[in-house]
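Participant: start.txt is the file, holding compact mmCIF, C-alpha atoms:
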# COMPACT_ATOMS: atom_id res chain seq x y z
CA MET P 1 -50.00 45.14 269.84
CA GLY P 2 -47.43 44.45 267.15
CA LEU P 3 -44.39 42.21 267.45
CA ALA P 4 -41.78 41.23 264.89
CA TYR P 5 -39.03 38.63 264.98
CA PHE P 6 -36.75 36.82 262.57
CA GLU P 7 -37.15 33.24 261.43
CA ASP P 8 -34.12 32.34 259.31
CA ASP P 9 -33.91 35.23 256.80
CA SER P 10 -37.53 36.31 257.06
CA LEU P 11 -39.03 39.02 259.25
CA VAL P 12 -42.24 37.68 260.76
CA VAL P 13 -44.80 40.22 261.97
CA GLU P 14 -47.55 39.34 264.45
CA GLN P 15 -50.30 41.86 265.18
CA LEU P 16 -52.54 41.09 268.12
CA PHE P 17 -55.85 42.92 268.27
CA VAL P 18 -58.20 43.03 271.26
CA HIS P 19 -61.59 43.11 269.54
CA GLU P 20 -63.36 43.11 272.93
CA PRO P 21 -62.07 43.61 276.50
CA ASP P 22 -62.40 39.91 277.39
CA ALA P 23 -59.80 39.06 274.73
CA GLU P 24 -56.97 40.92 276.50
CA ALA P 25 -55.89 37.91 278.56
CA ALA P 26 -55.24 35.88 275.41
CA LEU P 27 -53.15 38.73 273.97
CA LEU P 28 -51.08 38.95 277.15
CA ALA P 29 -50.51 35.19 277.19
CA ARG P 30 -49.19 35.29 273.62
CA VAL P 31 -46.97 38.28 274.37
CA ALA P 32 -45.56 36.53 277.44
CA ALA P 33 -44.75 33.44 275.38
CA LEU P 34 -42.96 35.47 272.70
CA ILE P 35 -40.96 37.43 275.28
CA ALA P 36 -39.98 34.20 277.07
CA GLY P 37 -38.50 32.87 273.84
CA ALA P 38 -36.69 36.08 272.87
CA SER P 39 -32.95 36.62 273.26
CA ALA P 40 -33.47 40.38 273.45
CA LEU P 41 -36.12 43.09 273.10
CA ILE P 42 -35.77 46.05 270.75
CA THR P 43 -38.26 48.89 271.11
CA PHE P 44 -38.66 52.55 270.27
CA ASN P 45 -39.43 54.46 273.49
CA GLY P 46 -40.25 51.15 275.13
CA LYS P 47 -38.45 51.94 278.39
CA SER P 48 -40.66 54.93 279.10
CA PHE P 49 -43.93 53.87 277.46
CA ASP P 50 -44.49 50.37 276.07
CA LEU P 51 -43.01 48.19 278.79
CA PRO P 52 -44.44 50.09 281.81
CA LEU P 53 -47.87 50.08 280.12
CA LEU P 54 -47.57 46.38 279.29
CA ARG P 55 -46.56 45.55 282.85
CA SER P 56 -49.58 47.39 284.23
CA ARG P 57 -51.89 45.41 281.94
CA PHE P 58 -50.39 42.15 283.24
CA VAL P 59 -50.91 43.29 286.83
CA LEU P 60 -54.49 44.42 286.22
CA SER P 61 -55.25 41.09 284.51
CA ARG P 62 -53.68 39.20 287.44
CA ILE P 63 -51.20 37.51 285.13
CA PRO P 64 -47.54 37.32 286.25
CA PRO P 65 -45.46 39.66 284.06
CA PRO P 66 -42.77 37.82 282.07
CA ALA P 67 -39.10 38.19 282.96
CA LEU P 68 -37.53 40.54 280.46
CA PRO P 69 -34.42 39.67 278.42
CA PRO P 70 -31.85 42.40 277.62
CA HIS P 71 -33.66 45.45 276.24
CA LEU P 72 -32.41 47.97 273.69
CA ASP P 73 -34.48 51.15 273.33
CA LEU P 74 -33.53 52.61 269.94
CA LEU P 75 -35.01 56.01 270.78
CA HIS P 76 -32.09 56.82 273.08
CA VAL P 77 -29.52 55.45 270.62
CA ALA P 78 -31.06 57.43 267.77
CA ARG P 79 -30.99 60.64 269.81
CA ARG P 80 -27.27 60.20 270.51
CA ILE P 81 -26.39 59.47 266.89
CA TYR P 82 -28.84 61.52 264.83
CA GLY P 83 -29.96 64.15 267.35
CA ALA P 84 -27.65 66.85 265.97
CA ARG P 85 -29.51 67.03 262.65
CA VAL P 86 -32.94 65.41 263.14
CA ASP P 87 -35.45 67.86 264.65
CA ARG P 88 -37.75 65.21 266.14
CA CYS P 89 -36.35 61.76 266.80
CA SER P 90 -39.65 60.11 265.94
CA LEU P 91 -39.70 56.82 264.11
CA THR P 92 -41.36 58.38 261.05
CA GLY P 93 -38.85 61.26 261.12
CA LEU P 94 -35.94 58.81 261.16
CA GLU P 95 -37.57 56.87 258.33
CA ARG P 96 -37.62 60.05 256.26
CA ASP P 97 -34.26 61.60 257.17
CA VAL P 98 -32.12 58.48 257.66
CA LEU P 99 -33.77 55.55 255.87
CA ARG P 100 -35.05 57.79 253.06
CA PHE P 101 -38.57 56.33 253.15
CA GLU P 102 -41.73 58.34 253.59
CA ARG P 103 -45.15 56.90 254.38
CA LEU P 104 -48.15 57.96 252.32
CA ASP P 105 -51.62 58.44 253.81
CA ASP P 106 -50.39 57.47 257.27
CA ILE P 107 -52.60 58.06 260.28
CA ALA P 108 -51.36 60.38 263.02
CA GLY P 109 -50.59 58.60 266.28
CA GLU P 110 -52.83 60.88 268.34
CA GLU P 111 -55.88 59.73 266.33
CA ILE P 112 -55.46 56.07 267.23
CA PRO P 113 -57.06 55.99 270.74
CA GLU P 114 -60.29 57.62 269.54
CA ARG P 115 -60.54 55.26 266.56
CA TYR P 116 -60.22 52.28 268.90
CA ARG P 117 -62.88 53.67 271.23
CA ARG P 118 -65.17 54.19 268.25
CA TYR P 119 -64.54 50.60 267.17
CA LEU P 120 -65.56 49.30 270.62
CA ARG P 121 -68.70 51.49 270.63
CA GLU P 122 -69.82 51.17 267.02
CA GLY P 123 -67.88 48.28 265.49
CA ASP P 124 -66.20 50.61 262.94
CA ARG P 125 -63.82 48.15 261.27
CA ALA P 126 -62.89 50.47 258.42
CA GLY P 127 -61.55 53.03 260.88
CA ILE P 128 -59.19 50.42 262.38
CA VAL P 129 -57.51 49.42 259.10
CA PRO P 130 -55.23 52.51 258.99
CA VAL P 131 -54.26 51.81 262.62
CA VAL P 132 -53.19 48.26 261.74
CA ARG P 133 -51.24 49.57 258.73
CA HIS P 134 -49.53 52.23 260.88
CA ASN P 135 -48.51 49.57 263.41
CA LEU P 136 -47.17 47.34 260.64
CA TRP P 137 -44.97 50.11 259.24
CA ASP P 138 -43.69 50.88 262.73
CA LEU P 139 -42.46 47.30 263.07
CA VAL P 140 -40.83 47.27 259.63
CA ALA P 141 -39.19 50.63 260.33
CA LEU P 142 -37.89 49.38 263.68
CA ALA P 143 -36.26 46.37 262.01
CA ALA P 144 -34.80 48.57 259.25
CA LEU P 145 -33.42 51.11 261.73
CA THR P 146 -31.86 48.29 263.77
CA GLY P 147 -30.11 47.01 260.65
CA GLU P 148 -28.94 50.51 259.70
CA LEU P 149 -27.50 51.23 263.14
CA SER P 150 -25.87 47.79 263.39
CA ALA P 151 -24.14 48.34 260.06
CA ARG P 152 -22.95 51.80 261.09
CA VAL P 153 -21.58 50.61 264.42
CA ALA P 154 -19.70 47.83 262.61
CA ARG P 155 -18.58 50.33 259.92
CA SER P 156 -20.14 48.11 257.25
CA PRO P 157 -21.71 49.33 253.98
CA SER P 158 -25.19 50.76 254.49
CA GLU P 159 -27.91 52.34 252.38
CA GLY P 160 -29.04 54.98 254.86
CA ARG P 161 -28.21 58.66 254.68
CA PHE P 162 -25.26 59.56 256.90
CA GLU P 163 -23.49 62.81 257.70
CA ALA P 164 -20.43 63.97 259.66
CA ASP P 165 -22.51 64.76 262.75
CA ASP P 166 -23.79 61.17 262.72
CA HIS P 167 -20.21 59.86 262.81
CA VAL P 168 -19.63 62.12 265.82
CA GLY P 169 -22.72 60.63 267.46
CA LEU P 170 -21.45 57.12 266.80
CA ALA P 171 -18.06 58.02 268.27
CA ARG P 172 -19.75 59.44 271.38
CA THR P 173 -21.96 56.34 271.72
CA SER P 174 -18.96 54.01 271.37
CA LEU P 175 -17.07 55.96 274.02
CA ARG P 176 -20.07 55.74 276.35
CA ALA P 177 -20.14 51.96 275.82
CA GLY P 178 -16.43 51.64 276.68
CA ASP P 179 -15.45 50.80 273.09
CA HIS P 180 -12.41 53.08 272.87
CA GLU P 181 -11.11 51.65 269.59
CA GLY P 182 -14.54 52.13 268.04
CA ALA P 183 -14.72 55.69 269.36
CA LEU P 184 -11.38 56.50 267.73
CA ALA P 185 -12.42 54.86 264.45
CA HIS P 186 -15.73 56.73 264.26
CA ALA P 187 -14.03 59.98 265.26
CA GLY P 188 -11.66 59.42 262.34
CA ASP P 189 -14.65 58.91 260.02
CA ALA P 190 -16.14 62.18 261.26
CA LEU P 191 -12.88 64.02 260.58
CA SER P 192 -12.69 62.64 257.04
CA HIS P 193 -16.26 63.79 256.28
CA GLY P 194 -16.71 66.90 258.39
CA GLN P 195 -15.37 70.30 259.22
CA GLY P 196 -15.79 73.03 261.83
CA GLY P 197 -17.90 71.99 264.80
CA ALA P 198 -18.04 68.32 263.83
CA SER P 199 -14.25 68.14 263.55
CA ARG P 200 -13.77 69.90 266.87
CA GLU P 201 -16.16 67.51 268.62
CA ALA P 202 -14.55 64.48 266.96
CA HIS P 203 -11.11 65.53 268.25
CA LEU P 204 -12.52 66.00 271.76
CA ILE P 205 -14.13 62.54 271.77
CA ALA P 206 -10.88 61.03 270.52
CA ALA P 207 -9.01 62.88 273.27
CA ARG P 208 -11.30 61.32 275.88
CA ALA P 209 -10.76 57.88 274.34
CA HIS P 210 -6.98 58.33 274.53
CA HIS P 211 -7.35 59.48 278.13
CA LYS P 212 -9.30 56.32 278.99
CA THR P 213 -6.55 54.14 277.50
CA GLY P 214 -3.75 56.06 279.24
CA ASP P 215 -2.30 57.57 276.06
CA ALA P 216 -1.30 61.03 277.31
CA LEU P 217 0.49 62.10 274.13
CA GLY P 218 -2.47 61.03 271.99
CA ARG P 219 -4.83 62.93 274.27
CA CYS P 220 -2.70 66.07 274.15
CA GLY P 221 -2.43 65.94 270.36
CA ARG P 222 -6.18 65.64 269.95
CA LEU P 223 -6.83 68.50 272.36
CA LEU P 224 -4.42 70.73 270.44
CA ALA P 225 -6.17 69.77 267.19
CA ALA P 226 -9.55 70.65 268.73
CA LEU P 227 -8.11 73.96 269.95
CA ALA P 228 -7.13 74.83 266.39
CA HIS P 229 -10.85 74.86 265.54
CA ALA P 230 -11.76 76.94 268.63
CA PRO P 231 -8.72 78.90 269.90
CA GLU P 232 -10.74 80.74 272.57
CA ASP P 233 -12.40 77.66 274.06
CA ALA P 234 -11.60 77.87 277.78
CA ALA P 235 -12.70 74.27 278.44
CA ILE P 236 -10.11 72.93 275.98
CA HIS P 237 -7.41 75.12 277.53
CA LEU P 238 -8.31 73.68 280.94
CA GLU P 239 -8.08 70.11 279.68
CA LEU P 240 -4.68 70.88 278.17
CA ALA P 241 -3.51 72.42 281.45
CA ARG P 242 -4.50 69.24 283.28
CA CYS P 243 -2.90 67.02 280.67
CA TYR P 244 0.42 68.90 280.68
CA GLU P 245 0.56 69.08 284.47
CA ARG P 246 -0.58 65.61 285.49
CA ASP P 247 0.34 63.37 282.59
CA LEU P 248 3.24 65.05 280.78
CA ASP P 249 4.88 66.86 283.74
CA ASP P 250 5.30 70.09 281.76
CA PRO P 251 4.34 72.94 284.13
CA HIS P 252 5.33 75.66 281.65
CA ARG P 253 2.87 74.48 278.98
CA ALA P 254 0.30 73.77 281.66
CA LEU P 255 0.59 77.35 282.95
CA GLU P 256 0.18 78.79 279.45
CA HIS P 257 -3.15 77.04 279.03
CA ALA P 258 -4.32 77.57 282.61
CA GLN P 259 -3.97 81.32 282.08
CA GLN P 260 -6.45 81.05 279.18
CA ALA P 261 -8.99 78.84 280.97
CA HIS P 262 -11.02 81.61 282.62
CA GLY P 263 -14.61 80.50 283.06
CA ALA P 264 -13.92 76.80 282.61
CA GLU P 265 -13.77 76.15 286.35
CA ALA P 266 -14.45 78.01 289.58
CA PRO P 267 -12.30 81.18 289.85
CA SER P 268 -10.83 80.11 293.19
CA THR P 269 -9.88 76.69 291.81
CA LEU P 270 -8.31 78.22 288.71
CA ALA P 271 -6.40 80.75 290.82
CA LYS P 272 -4.92 77.93 292.91
CA ARG P 273 -4.00 76.06 289.74
CA VAL P 274 -2.20 79.09 288.27
CA GLN P 275 -0.44 79.77 291.60
CA ARG P 276 0.71 76.15 291.89
CA LEU P 277 2.00 76.03 288.33
CA THR P 278 3.74 79.41 288.66
CA LYS P 279 5.56 78.16 291.75
CA ARG P 280 6.64 74.97 289.96
CA CYS P 281 7.94 76.96 287.00
CA GLN P 282 9.95 79.28 289.28
CA GLN P 283 11.47 76.35 291.13
CA GLY P 284 12.67 74.92 287.84
CA VAL P 285 14.60 78.04 286.79
CA GLN P 286 18.39 77.68 287.20
CA LEU P 287 21.02 80.39 286.83
CA ARG P 288 23.66 79.37 284.31
CA LEU P 289 26.95 81.33 284.11
CA PRO P 290 30.03 80.67 281.94
CA GLY P 291 32.50 78.43 283.70
CA PHE P 292 30.05 76.98 286.18
Would you mind writing the file's structure down as C-alpha cells?

Facilitator:
Amino acid sequence: MGLAYFEDDSLVVEQLFVHEPDAEAALLARVAALIAGASALITFNGKSFDLPLLRSRFVLSRIPPPALPPHLDLLHVARRIYGARVDRCSLTGLERDVLRFERLDDIAGEEIPERYRRYLREGDRAGIVPVVRHNLWDLVALAALTGELSARVARSPSEGRFEADDHVGLARTSLRAGDHEGALAHAGDALSHGQGGASREAHLIAARAHHKTGDALGRCGRLLAALAHAPEDAAIHLELARCYERDLDDPHRALEHAQQAHGAEAPSTLAKRVQRLTKRCQQGVQLRLPGF
C-alpha cells in the first residue's frame, strides 16, 4: 500500500509491503496512524475500491477501522472536468492527456495480483520491483493531478493541458458545489476559448447559475445566447418559456417559446402551458379607438 503526504514543501512517499501474511497487522496499524493524523484523504477511485477493501482488511484482522477524515475521490472530479475529451479517465490516461507525462516500461495493473502471488509462492523479488515503481508513480501522479485541479479551480497559472471543454467541466463542477460566482467565471473562460457545443453548454451553465442567484434577466440573456448556437433546441425554448412566464411576467414571449418546445416535456403538460399562456395573452389585449 502506498501513501503520500506533505511535510513542509516536500512530498513524502511511504510504501508498505506485506512480505508475508503475518505482516498485514503491522501495515494496518501504520495506515491507521497516518489516517488519524490526516486532515483529509485524497484518492483515485478510493470510494468504490480502496477504502471498502481497506475496511474489510481491518475487520478480518480484528482491528478497529480508523475514523475517516473528509475524503476527496479525484476520479469523480476528473470525470466531470475532463470526461468530454479523455476516453478513459484512468490515472495514466490523465497523466498523458492532461499532465503531459507518459510512463515508460510501466506494468499493467491487471498483472499485479499474479506477480504478488508468485512472490508469496516463489520469493520472486525481481517481479515485484515494477509493482513498487508503478505504485510510486501513482502516488506522484495523484499529487500532481491534485495540484493541477486546485490551480484550475482557483483560476491560477498551471502547466497542464487545458481545453474549452475542460472549462465547461469546471463551470459545471462549481455549480454543483454551490459556487455560483465560480461557475460564471469558468463559463466565461469557456466562452473565451471555445465555440459551438462548448459555448452553448457554457451559456446554459451560466443561465443555471443566474437562476440560483435570482437574476432573471441574466438567466434569460444566457438562454437566448445558448439558443443562438442551437435554434431548434426544444429544451432551451422550454426554459425560456418558464423564465418569461414566471420570472419576467411576459406571457407573449413565453408563448412564442412554448410553441417551439415540443418534445421537451410531456405533451399534455406542454398543451396546458400553451393554453394558459394563450389565455393570458388574450386577456391582455385592449381595444384602442381614437378619442377614447

Participant: One decimal, in Å: what's the spacing between CA of Leu149 (chain P) and CA of Ala78 (chain P)?

Facilitator: 8.5 Å

Participant: From the options P:Gly214, P:Gly197, P:Gly37, P:Gly147, which residue's atoms come nearest to Leu227 (chain P), counting all atoms listed in the file?

Facilitator: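 Closest residue, counting all atoms listed in the file: P:Gly197.
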
Participant: How would you write as a list in words the residues that get within 9 Å of (-17.9, 58.1, 259.2) in the file's frame, counting all atoms listed in the file?

Facilitator: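 The residues that fall inside the cut-off are Arg152, Arg155, Phe162, Glu163, Ala164, Asp165, Asp166, His167, Val168, Leu170, Ala185, His186, Ala187, Gly188, Asp189, Ala190, Leu191, Ser192, His193 and Gly194 of chain P.
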
Participant: At a cut-off of 7 Å, using only C-alpha atoms, what residues contact Leu16 (chain P)? Leave out same-chain residues fewer than 4 positions from it and give the result as a list in words.

Facilitator: Met1, Gly2 and Leu27 of chain P

Participant: Which value, in Å to one decimal, gives the distance between CA of Thr43 (chain P) and CA of Ala202 (chain P)?

Facilitator: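 About the pair CA of Thr43 (chain P) and CA of Ala202 (chain P): they are 28.7 Å apart.
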
Participant: Please list as a PyMOL selection string every residue within 9 Å of region 128-139 of chain P, counting all atoms listed in the file and excluding residues in the same chain fewer than 2 positions away.

Facilitator: chain P and resi 1-4+13-15+17+91-92+103+105-109+111-112+115-116+119+124-126+141-144

Participant: Set the distance at 10 Å and use only C-alpha atoms: which residues neighbour Pro65 (chain P) once local chain neighbours fewer than 4 positions away are removed? I'd like the list as a PyMOL selection string.

Facilitator: chain P and resi 28-29+31-32+54-59+61

Participant: Can you tell me which residues surround Leu145 (chain P) at a distance of at most 10 Å, considering only C-alpha atoms, apart from same-chain residues fewer than 5 positions away, and format the answer as an NGL selection string?

Facilitator: :P and (74 or 78 or 91 or 94-95 or 98-99 or 139-140 or 150-151 or 160)

Participant: Output C-alpha atoms for every residue in that selection, as a short mmCIF file (atom, residue, chain, number, x, y, z; two decimals), in the coordinates of the input.

Facilitator:
data_model
loop_
_atom_site.label_atom_id
_atom_site.label_comp_id
_atom_site.auth_asym_id
_atom_site.auth_seq_id
_atom_site.Cartn_x
_atom_site.Cartn_y
_atom_site.Cartn_z
CA LEU P 74 -33.53 52.61 269.94
CA ALA P 78 -31.06 57.43 267.77
CA LEU P 91 -39.70 56.82 264.11
CA LEU P 94 -35.94 58.81 261.16
CA GLU P 95 -37.57 56.87 258.33
CA VAL P 98 -32.12 58.48 257.66
CA LEU P 99 -33.77 55.55 255.87
CA LEU P 139 -42.46 47.30 263.07
CA VAL P 140 -40.83 47.27 259.63
CA SER P 150 -25.87 47.79 263.39
CA ALA P 151 -24.14 48.34 260.06
CA GLY P 160 -29.04 54.98 254.86
#

Participant: So, counting all atoms listed in the file, which residue among P:Pro66, P:His229, P:Leu175, P:Glu159 is closest to Ala206 (chain P)?

Facilitator: P:Leu175

Participant: Would you please work out which residue, of P:Cys89, P:Val274, P:Leu238, P:Ala38, is nearest to Ala67 (chain P) when using only C-alpha atoms?

Facilitator: P:Ala38

Participant: For a cut-off of 12 Å around (-4.3, 75.9, 287.5), file coordinates, pick out all residues using only C-alpha atoms and list them as a ChimeraX atom specification.

Facilitator: /P:237-246,251-262,264-280
